[in-house]
>>> print(open('my_file.cif').read())   # mmCIF, C-alpha atoms
data_entry
loop_
_atom_site.label_atom_id
_atom_site.label_comp_id
_atom_site.auth_asym_id
_atom_site.auth_seq_id
_atom_site.Cartn_x
_atom_site.Cartn_y
_atom_site.Cartn_z
CA MET J 1 -41.38 -11.88 13.25
CA ASN J 2 -41.16 -14.40 10.41
CA ASP J 3 -38.06 -15.31 8.33
CA GLU J 4 -39.07 -13.04 5.47
CA GLN J 5 -39.40 -10.08 7.84
CA LEU J 6 -36.09 -10.88 9.53
CA LEU J 7 -34.47 -10.82 6.09
CA ARG J 8 -36.25 -7.69 4.89
CA TYR J 9 -35.54 -5.64 8.01
CA GLY J 10 -32.19 -7.29 8.79
CA ARG J 11 -30.07 -4.18 8.14
CA GLN J 12 -32.19 -2.22 10.58
CA ILE J 13 -32.39 -4.97 13.21
CA LEU J 14 -28.57 -5.04 13.13
CA LEU J 15 -28.54 -1.60 14.74
CA PRO J 16 -28.23 -2.00 18.51
CA ASP J 17 -30.68 0.88 19.01
CA ILE J 18 -33.35 -0.98 17.03
CA ASP J 19 -32.69 -4.71 17.47
CA LEU J 20 -35.61 -7.14 17.39
CA ALA J 21 -37.48 -5.29 20.13
CA GLY J 22 -37.38 -2.00 18.23
CA GLN J 23 -38.32 -3.59 14.92
CA THR J 24 -41.28 -5.27 16.64
CA ARG J 25 -42.41 -1.89 18.00
CA ILE J 26 -42.11 -0.46 14.47
CA LYS J 27 -44.16 -3.39 13.12
CA ASN J 28 -46.87 -2.89 15.73
CA ALA J 29 -47.07 0.89 15.20
CA THR J 30 -49.71 2.95 13.43
CA VAL J 31 -48.73 6.29 11.88
CA LEU J 32 -51.12 8.92 10.57
CA LEU J 33 -49.52 10.91 7.73
CA VAL J 34 -51.41 13.95 6.48
CA GLY J 35 -50.21 15.33 3.14
CA LEU J 36 -48.74 13.18 0.37
CA GLY J 37 -46.84 15.90 -1.45
CA GLY J 38 -43.08 16.44 -1.46
CA LEU J 39 -42.54 15.89 2.27
CA GLY J 40 -45.14 13.11 2.43
CA SER J 41 -43.53 11.27 -0.49
CA ALA J 42 -40.23 10.86 1.35
CA ILE J 43 -41.91 10.24 4.72
CA ALA J 44 -44.26 7.57 3.36
CA TYR J 45 -41.57 5.84 1.28
CA TYR J 46 -39.17 5.48 4.21
CA LEU J 47 -41.81 4.56 6.79
CA ALA J 48 -43.20 1.85 4.48
CA GLY J 49 -39.70 0.59 3.73
CA ALA J 50 -38.74 0.59 7.41
CA GLY J 51 -41.73 -1.59 8.21
CA ILE J 52 -44.28 0.61 10.04
CA GLY J 53 -47.07 -1.93 10.41
CA HIS J 54 -49.98 0.38 9.66
CA LEU J 55 -49.83 3.58 7.65
CA ILE J 56 -52.88 5.82 7.38
CA LEU J 57 -52.41 8.24 4.48
CA ASN J 58 -54.65 11.27 4.05
CA ASP J 59 -54.69 13.77 1.19
CA PHE J 60 -57.65 15.15 -0.78
CA ASP J 61 -55.54 16.56 -3.64
CA ARG J 62 -54.86 14.92 -7.01
CA VAL J 63 -51.53 14.34 -8.74
CA ASP J 64 -50.65 16.83 -11.49
CA TRP J 65 -47.62 17.39 -13.71
CA THR J 66 -46.16 20.16 -11.53
CA ASN J 67 -45.91 17.67 -8.61
CA LEU J 68 -43.67 15.07 -10.27
CA GLN J 69 -40.48 17.15 -9.97
CA ARG J 70 -40.36 16.46 -6.22
CA GLN J 71 -43.28 14.24 -5.15
CA ILE J 72 -41.48 10.98 -5.81
CA VAL J 73 -44.15 8.64 -4.47
CA HIS J 74 -46.28 9.52 -7.52
CA ASN J 75 -45.54 9.00 -11.24
CA GLU J 76 -46.76 9.91 -14.73
CA SER J 77 -49.38 7.17 -14.82
CA ARG J 78 -51.06 8.66 -11.73
CA ILE J 79 -51.86 12.10 -13.13
CA GLY J 80 -55.37 12.94 -11.91
CA VAL J 81 -55.34 10.21 -9.26
CA ASN J 82 -55.90 11.11 -5.61
CA LYS J 83 -52.52 11.50 -3.88
CA ALA J 84 -53.28 9.23 -0.92
CA GLU J 85 -54.41 6.50 -3.31
CA SER J 86 -51.44 7.03 -5.65
CA ALA J 87 -49.05 6.79 -2.69
CA ARG J 88 -50.81 3.66 -1.46
CA GLN J 89 -50.28 1.97 -4.83
CA THR J 90 -46.56 2.83 -4.85
CA LEU J 91 -46.04 1.71 -1.26
CA VAL J 92 -47.89 -1.58 -1.67
CA ALA J 93 -45.46 -2.39 -4.49
CA LEU J 94 -42.55 -1.59 -2.16
CA ASN J 95 -43.86 -3.45 0.88
CA SER J 96 -46.87 -5.76 0.70
CA ASP J 97 -46.19 -6.86 4.28
CA ILE J 98 -47.76 -3.78 5.90
CA GLN J 99 -51.28 -2.35 6.08
CA ILE J 100 -51.76 0.89 4.16
CA ASP J 101 -55.04 2.81 4.23
CA ALA J 102 -55.62 5.71 1.85
CA ILE J 103 -58.18 8.34 2.81
CA SER J 104 -58.98 10.65 -0.08
CA GLN J 105 -61.42 13.08 1.54
CA ARG J 106 -60.66 16.34 3.28
CA LEU J 107 -61.31 15.34 6.88
CA ASP J 108 -63.04 17.56 9.40
CA LYS J 109 -61.81 17.93 12.96
CA PRO J 110 -63.81 15.07 14.55
CA ALA J 111 -62.85 12.61 11.80
CA LEU J 112 -59.19 13.54 12.02
CA LEU J 113 -59.26 13.23 15.81
CA GLU J 114 -60.80 9.77 15.57
CA LEU J 115 -57.94 8.67 13.29
CA ALA J 116 -55.34 10.28 15.55
CA GLN J 117 -56.61 8.31 18.51
CA GLN J 118 -55.84 5.07 16.65
CA CYS J 119 -52.24 6.02 15.90
CA ASP J 120 -48.95 6.26 17.77
CA VAL J 121 -47.45 9.23 15.94
CA ILE J 122 -48.91 11.95 13.69
CA VAL J 123 -46.73 13.23 10.85
CA ASP J 124 -47.48 16.54 9.15
CA GLY J 125 -46.61 16.79 5.46
CA THR J 126 -49.16 19.46 4.56
CA ASP J 127 -48.40 22.69 2.73
CA ASN J 128 -50.29 25.44 4.53
CA PHE J 129 -50.58 27.05 7.95
CA ALA J 130 -54.31 26.36 8.41
CA SER J 131 -53.83 22.59 8.04
CA ARG J 132 -50.74 22.68 10.23
CA GLN J 133 -52.62 24.45 13.00
CA LEU J 134 -55.51 21.97 12.75
CA ILE J 135 -53.12 19.00 12.92
CA ASN J 136 -51.39 20.55 15.94
CA GLU J 137 -54.75 20.84 17.70
CA ILE J 138 -55.54 17.21 16.86
CA SER J 139 -52.13 16.17 18.18
CA LEU J 140 -52.74 18.05 21.45
CA ARG J 141 -56.26 16.72 21.91
CA SER J 142 -55.24 13.13 21.20
CA ALA J 143 -51.97 13.56 23.17
CA LYS J 144 -50.10 11.91 20.28
CA PRO J 145 -46.68 13.32 19.30
CA LEU J 146 -46.48 15.37 16.12
CA VAL J 147 -43.51 15.22 13.73
CA SER J 148 -43.71 18.49 11.85
CA GLY J 149 -41.65 19.51 8.84
CA ALA J 150 -41.91 22.27 6.28
CA ALA J 151 -39.94 23.25 3.21
CA ILE J 152 -40.03 25.90 0.55
CA ARG J 153 -37.56 27.37 -1.94
CA MET J 154 -34.24 26.09 -0.55
CA GLU J 155 -35.07 26.16 3.12
CA GLY J 156 -36.69 23.84 5.59
CA GLN J 157 -37.72 23.48 9.22
CA LEU J 158 -38.28 20.46 11.38
CA SER J 159 -39.41 19.77 14.93
CA VAL J 160 -41.25 17.29 17.12
CA PHE J 161 -44.15 18.73 19.10
CA ASN J 162 -46.45 17.63 21.92
CA VAL J 163 -44.41 14.66 23.15
CA THR J 164 -45.10 15.52 26.81
CA ALA J 165 -47.26 18.09 28.58
CA SER J 166 -44.26 20.40 28.79
CA SER J 167 -43.28 20.11 25.11
CA PRO J 168 -43.69 23.17 22.91
CA CYS J 169 -46.39 22.93 20.23
CA TYR J 170 -46.64 24.22 16.65
CA GLN J 171 -48.65 27.20 17.87
CA CYS J 172 -45.85 28.17 20.29
CA LEU J 173 -43.58 28.56 17.27
CA TYR J 174 -45.94 30.08 14.75
CA GLY J 175 -48.81 31.69 16.66
CA ASN J 176 -51.63 32.91 14.46
CA SER J 177 -49.65 35.52 12.62
CA ALA J 178 -48.40 33.70 9.54
CA ASN J 179 -49.77 34.58 6.14
CA ASP J 180 -50.40 31.55 3.98
CA GLU J 181 -50.57 33.00 0.53
CA GLN J 182 -46.94 34.07 0.36
CA LEU J 183 -45.51 30.82 1.59
CA THR J 184 -46.65 27.91 -0.56
CA CYS J 185 -44.42 25.95 -2.95
CA SER J 186 -46.69 26.82 -5.88
CA GLU J 187 -46.12 30.53 -5.28
CA ASN J 188 -42.47 30.46 -4.28
CA GLY J 189 -40.93 27.44 -5.93
CA VAL J 190 -38.98 24.67 -4.27
CA LEU J 191 -35.80 22.77 -5.09
CA ALA J 192 -36.78 19.09 -5.50
CA PRO J 193 -34.50 17.36 -2.96
CA VAL J 194 -35.10 19.91 -0.20
CA VAL J 195 -38.54 18.42 0.56
CA GLY J 196 -36.87 14.99 0.45
CA ILE J 197 -34.22 16.00 3.00
CA ILE J 198 -36.82 17.32 5.43
CA GLY J 199 -39.20 14.39 4.74
CA ALA J 200 -36.43 11.84 5.35
CA MET J 201 -35.62 13.61 8.63
CA GLN J 202 -39.31 13.45 9.61
CA ALA J 203 -39.32 9.70 8.93
CA THR J 204 -36.19 9.37 11.10
CA GLU J 205 -37.80 11.24 14.00
CA THR J 206 -40.95 9.10 13.66
CA LEU J 207 -38.93 5.87 13.88
CA LYS J 208 -37.05 7.23 16.91
CA LEU J 209 -40.31 8.04 18.72
CA ILE J 210 -41.73 4.59 17.95
CA ALA J 211 -38.67 2.43 18.56
CA GLY J 212 -37.68 4.61 21.52
CA PHE J 213 -34.07 5.55 20.95
CA GLY J 214 -31.91 8.63 20.59
CA GLN J 215 -32.75 12.25 21.26
CA THR J 216 -35.66 13.57 19.21
CA LEU J 217 -36.25 17.18 18.23
CA ASP J 218 -38.74 17.57 21.10
CA GLY J 219 -38.00 21.08 22.39
CA ARG J 220 -35.69 21.88 19.49
CA LEU J 221 -36.16 23.35 16.04
CA LEU J 222 -33.90 22.38 13.15
CA LEU J 223 -33.38 24.97 10.42
CA LEU J 224 -31.97 24.02 7.03
CA ASP J 225 -30.63 26.54 4.55
CA ALA J 226 -29.83 24.31 1.58
CA LYS J 227 -28.53 27.19 -0.51
CA ASN J 228 -25.56 27.54 1.81
CA MET J 229 -25.97 24.02 3.23
CA HIS J 230 -26.16 25.40 6.70
CA ILE J 231 -28.01 23.45 9.40
CA ARG J 232 -28.74 24.92 12.78
CA THR J 233 -30.64 23.52 15.73
CA LEU J 234 -32.05 25.82 18.35
CA LYS J 235 -33.84 25.38 21.63
CA LEU J 236 -37.60 25.83 21.58
CA VAL J 237 -39.60 26.29 24.76
CA GLN J 238 -43.30 26.24 25.46
CA ASP J 239 -44.79 29.71 25.04
CA PRO J 240 -46.42 30.50 28.39
CA HIS J 241 -49.02 32.60 26.55
CA CYS J 242 -49.91 29.87 24.07
CA GLU J 243 -53.58 29.11 24.55
CA CYS J 244 -53.51 25.62 23.12
CA HIS J 245 -51.86 23.84 26.01
CA GLY J 246 -55.15 23.60 27.83
CA LEU J 247 -56.21 21.45 24.89
CA ARG J 248 -53.92 18.55 25.71
CA GLY J 249 -56.01 15.44 26.09
CA SER J 250 -59.24 17.45 26.00
CA VAL J 251 -62.31 16.10 24.26
CA LEU J 252 -63.76 17.77 21.23
CA LEU J 253 -67.02 19.58 21.96
CA SER J 254 -69.49 20.04 19.18
CA ASP J 255 -70.15 23.64 18.16
CA ALA J 256 -73.48 23.59 20.03
CA GLN J 257 -71.85 22.32 23.21
CA SER J 258 -69.05 24.85 23.09
CA GLY J 259 -71.54 27.67 22.56
CA LEU J 260 -70.17 28.75 19.17
CA PRO J 261 -72.69 29.94 16.57
CA MET I 1 -20.04 49.47 16.78
CA LYS I 2 -19.59 46.35 14.69
CA VAL I 3 -22.19 43.54 14.69
CA TYR I 4 -22.91 40.64 12.36
CA ILE I 5 -26.17 39.89 10.62
CA GLU I 6 -27.05 36.54 9.07
CA LEU I 7 -30.03 36.57 6.74
CA TYR I 8 -31.13 33.08 5.79
CA ALA I 9 -32.88 31.63 2.78
CA SER I 10 -35.08 34.11 0.91
CA LEU I 11 -34.07 36.96 3.22
CA MET I 12 -30.64 36.93 1.56
CA ALA I 13 -32.31 38.84 -1.26
CA LEU I 14 -32.43 41.85 1.06
CA LEU I 15 -28.65 42.07 1.17
CA PRO I 16 -26.96 44.31 -1.43
CA PRO I 17 -26.91 42.81 -4.97
CA GLY I 18 -23.93 40.55 -5.54
CA THR I 19 -23.64 39.55 -1.88
CA GLN I 20 -22.79 35.87 -1.87
CA ARG I 21 -22.36 35.28 1.81
CA PHE I 22 -25.33 35.15 4.15
CA ARG I 23 -23.27 36.61 7.03
CA ARG I 24 -22.43 40.23 6.86
CA GLU I 25 -20.61 42.70 9.09
CA ILE I 26 -22.32 46.03 9.65
CA ILE I 27 -21.73 49.15 11.69
CA ILE I 28 -24.62 50.40 13.83
CA ASP I 29 -25.08 53.02 16.55
CA GLU I 30 -24.13 52.10 20.12
CA GLY I 31 -27.19 51.05 22.10
CA SER I 32 -29.16 49.90 19.03
CA SER I 33 -31.80 47.24 19.67
CA VAL I 34 -32.33 44.00 17.79
CA GLN I 35 -35.47 45.55 16.28
CA GLN I 36 -33.52 48.56 14.98
CA LEU I 37 -31.19 46.20 13.18
CA ILE I 38 -34.17 44.32 11.70
CA ASP I 39 -35.69 47.63 10.58
CA ARG I 40 -32.46 48.67 8.91
CA PHE I 41 -32.96 45.82 6.44
CA SER I 42 -36.71 46.58 6.13
CA ILE I 43 -37.66 43.07 7.23
CA SER I 44 -41.34 42.89 8.16
CA ALA I 45 -42.43 41.32 11.45
CA GLU I 46 -44.00 38.53 9.41
CA LEU I 47 -40.78 37.68 7.58
CA ALA I 48 -38.55 38.05 10.64
CA HIS I 49 -40.08 34.88 12.01
CA ILE I 50 -37.14 33.44 13.89
CA VAL I 51 -34.58 35.86 15.31
CA LEU I 52 -31.50 34.57 17.10
CA LEU I 53 -29.05 36.71 19.06
CA ASN I 54 -25.74 34.84 19.37
CA GLY I 55 -27.70 31.62 18.79
CA HIS I 56 -30.44 32.34 21.35
CA PHE I 57 -34.06 32.85 20.31
CA VAL I 58 -35.39 36.39 20.78
CA CYS I 59 -39.19 36.45 20.84
CA GLY I 60 -41.20 39.23 19.19
CA ASP I 61 -41.83 41.21 22.36
CA ALA I 62 -38.18 41.25 23.43
CA ARG I 63 -36.73 42.53 20.15
CA LYS I 64 -37.35 46.20 20.98
CA GLN I 65 -35.82 45.95 24.45
CA GLN I 66 -32.88 43.71 23.63
CA LYS I 67 -29.79 45.91 23.09
CA LEU I 68 -26.91 44.83 20.91
CA ALA I 69 -23.27 44.73 21.98
CA GLU I 70 -20.06 44.87 19.96
CA GLU I 71 -19.45 41.68 17.91
CA ASP I 72 -23.00 40.38 18.52
CA SER I 73 -24.41 38.14 15.83
CA VAL I 74 -28.07 38.30 14.79
CA ALA I 75 -29.56 35.57 12.59
CA ILE I 76 -32.99 35.92 10.98
CA TRP I 77 -35.12 33.20 9.35
CA PRO I 78 -38.35 33.60 7.40
CA PRO I 79 -41.42 31.40 8.11
CA VAL I 80 -41.79 28.12 6.21
CA ALA I 81 -45.00 26.14 5.60
CA GLY I 82 -44.64 24.40 2.23
CA GLY I 83 -44.70 20.70 1.82
#
>>> encode(input="my_file.cif", output="structure tokens")
Amino acid sequence: MNDEQLLRYGRQILLPDIDLAGQTRIKNATVLLVGLGGLGSAIAYYLAGAGIGHLILNDFDRVDWTNLQRQIVHNESRIGVNKAESARQTLVALNSDIQIDAISQRLDKPALLELAQQCDVIVDGTDNFASRQLINEISLRSAKPLVSGAAIRMEGQLSVFNVTASSPCYQCLYGNSANDEQLTCSENGVLAPVVGIIGAMQATETLKLIAGFGQTLDGRLLLLDAKNMHIRTLKLVQDPHCECHGLRGSVLLSDAQSGLP
Amino acid sequence: MKVYIELYASLMALLPPGTQRFRREIIIDEGSSVQQLIDRFSISAELAHIVLLNGHFVCGDARKQQKLAEEDSVAIWPPVAGG
């Protein structure tokens, strides 16, 4: 680590849990962040600031006026710009010392899996169940831990999935039952800082996984009710009926190989 | 018998108008199940995503069988996917 980096990350290196060894692990890490909305804004900002050496940002959406209330990595001059690219521009201005790749296409399963295999941690900042289930599958197949957060209205949830073969996964918590349409921010509204609280917690869990300290939310689910400012953490166990655990570390078969139409 | 129900986040709207607190004391029949308490507030299976009995997770299948006891506390959270 050079003098500039020692100065920049000094307040973090001061922490005994991080120290030079931890900061070096953070510098050498690659994180895949899917979704650069409200959660992704806080996640990306803090991970870039903290010195994650390589950030891969993926979002196919474009910035619009309704986003600016809470998606703080974007700004007025970026209206119409792809969100991954807009975030990249903001983060480069914050920290030119790290590598930031913006991917502006909607990625299919094989492409996402290829990216996941290059990274140390996957962070989910998406806004719908279908994407979340896909990212969970990618996390299982690549055997890379998944830091998952969600927020809407004045409530949020946070957990860390797929750290070990006995960790619960997103599917264990949500199954296939959830109905997307009723649960998006655009339909239900969201209080601006609530996505920031959950996003900042996701960044914290990501740094813990990478630097290797503390107790992560592996096997636990954190629930935030911001309206009453009530936080509760509960135990989460692997669902024995969850079908996706056979997926851990398994290769992706093409549709022809797997016999699907 | 007396039990407590905690409805979090948007589920608070199901409590009587003017209710400010998310925790509420209610009287139910002896031997009532967790599911009967959920039904009393007309909370759909989809919205009753996370159900805790005295802080312990009660999965969907167990809600019908799990009986409530005096002073039990049931907390219910809706699903969340936004970002």
>>> closest_residue(input="my_file.cif", among="I:Asp72, I:Asp61, I:Glu25, I:Glu6", to="Ala45 (chain I)", atoms="all atoms listed in the file")
I:Asp61
>>> closest_atom_pairs(input="my_file.cif", of="chain I", to="chain J", cutoff="10 Å", atoms="all atoms listed in the file", output="tab-separated table")
residue	atom	partner	partner_atom	distance
I:Tyr8	CA	J:Asp225	CA	6.7
I:Ala9	CA	J:Asp225	CA	5.8
I:Ser10	CA	J:Arg153	CA	7.7
I:Gln20	CA	J:Asn228	CA	9.5
I:Arg21	CA	J:Asn228	CA	8.4
I:Phe22	CA	J:Asn228	CA	8.0
I:Ala45	CA	J:Ser177	CA	9.3
I:Glu46	CA	J:Ala178	CA	6.5
I:Leu47	CA	J:Ala178	CA	8.8
I:His49	CA	J:Tyr174	CA	8.1
I:Ile50	CA	J:Leu173	CA	8.8
I:Leu52	CA	J:Leu234	CA	8.9
I:Gly55	CA	J:Leu234	CA	7.3
I:His56	CA	J:Leu234	CA	7.4
I:Phe57	CA	J:Leu234	CA	7.6
I:Cys59	CA	J:Leu173	CA	9.7
I:Trp77	CA	J:Leu223	CA	8.5
I:Pro78	CA	J:Glu155	CA	9.2
I:Pro79	CA	J:Ala178	CA	7.5
I:Val80	CA	J:Ala150	CA	5.9
I:Ala81	CA	J:Ala150	CA	5.0
I:Gly82	CA	J:Asp127	CA	4.2
I:Gly83	CA	J:Asp127	CA	4.3
>>> atom_distance(input="my_file.cif", atom1="CA of Leu113 (chain J)", atom2="CA of His74 (chain J)")
27.0 Å
>>> resolve_selection(input="my_file.cif", expression="the PyMOL selection byres ((chain J and resi 218) around 7)", output="number ranges by chain")
J: 159-161, 163, 167, 216-217, 219-220
>>> closest_residue(input="my_file.cif", among="J:Asp97, J:Asp64, J:Asp108, J:Glu114", to="Ile79 (chain J)", atoms="all atoms listed in the file")
J:Asp64
>>> atom_distance(input="my_file.cif", atom1="CA of Leu47 (chain J)", atom2="CA of Ala192 (chain J)")
19.7 Å
>>> atom_distance(input="my_file.cif", atom1="CA of Ile56 (chain J)", atom2="CA of Arg25 (chain J)")
16.8 Å
>>> resolve_selection(input="my_file.cif", expression="the PyMOL selection byres ((chain I and resi 4) around 8)", output="PyMOL selection string")
chain I and resi 2-3+5-6+23-26+71-74
>>> resolve_selection(input="my_file.cif", expression="the PyMOL selection byres ((chain I and resi 68) around 9)", output="count of residues only")
15
>>> residues_around(input="my_file.cif", residues="Thr90 (chain J)", least_positions_apart="5", cutoff="10 Å", atoms="all atoms listed in the file", output="list in words")
Ser41, Ala44, Tyr45, Ala48, Ile72, Val73, His74, Asn75, Glu85 and Asn95 of chain J
>>> write_last_selection(input="my_file.cif", atoms="C-alpha atoms", output="PDB file, keeping the file's coordinate frame")
ATOM      1  CA  SER J  41     -43.530  11.270  -0.490  1.00  0.00           C
ATOM      2  CA  ALA J  44     -44.260   7.570   3.360  1.00  0.00           C
ATOM      3  CA  TYR J  45     -41.570   5.840   1.280  1.00  0.00           C
ATOM      4  CA  ALA J  48     -43.200   1.850   4.480  1.00  0.00           C
ATOM      5  CA  ILE J  72     -41.480  10.980  -5.810  1.00  0.00           C
ATOM      6  CA  VAL J  73     -44.150   8.640  -4.470  1.00  0.00           C
ATOM      7  CA  HIS J  74     -46.280   9.520  -7.520  1.00  0.00           C
ATOM      8  CA  ASN J  75     -45.540   9.000 -11.240  1.00  0.00           C
ATOM      9  CA  GLU J  85     -54.410   6.500  -3.310  1.00  0.00           C
ATOM     10  CA  ASN J  95     -43.860  -3.450   0.880  1.00  0.00           C
TER      11      ASN J  95
END
>>> closest_residue(input="my_file.cif", among="I:Ile27, I:Met1, I:Ala62, I:Ile76", to="Ile43 (chain I)", atoms="only C-alpha atoms")
I:Ile76
>>> closest_residue(input="my_file.cif", among="J:Pro168, J:Gly51, J:Gly22, J:Pro193", to="Leu7 (chain J)", atoms="all atoms listed in the file")
J:Gly51
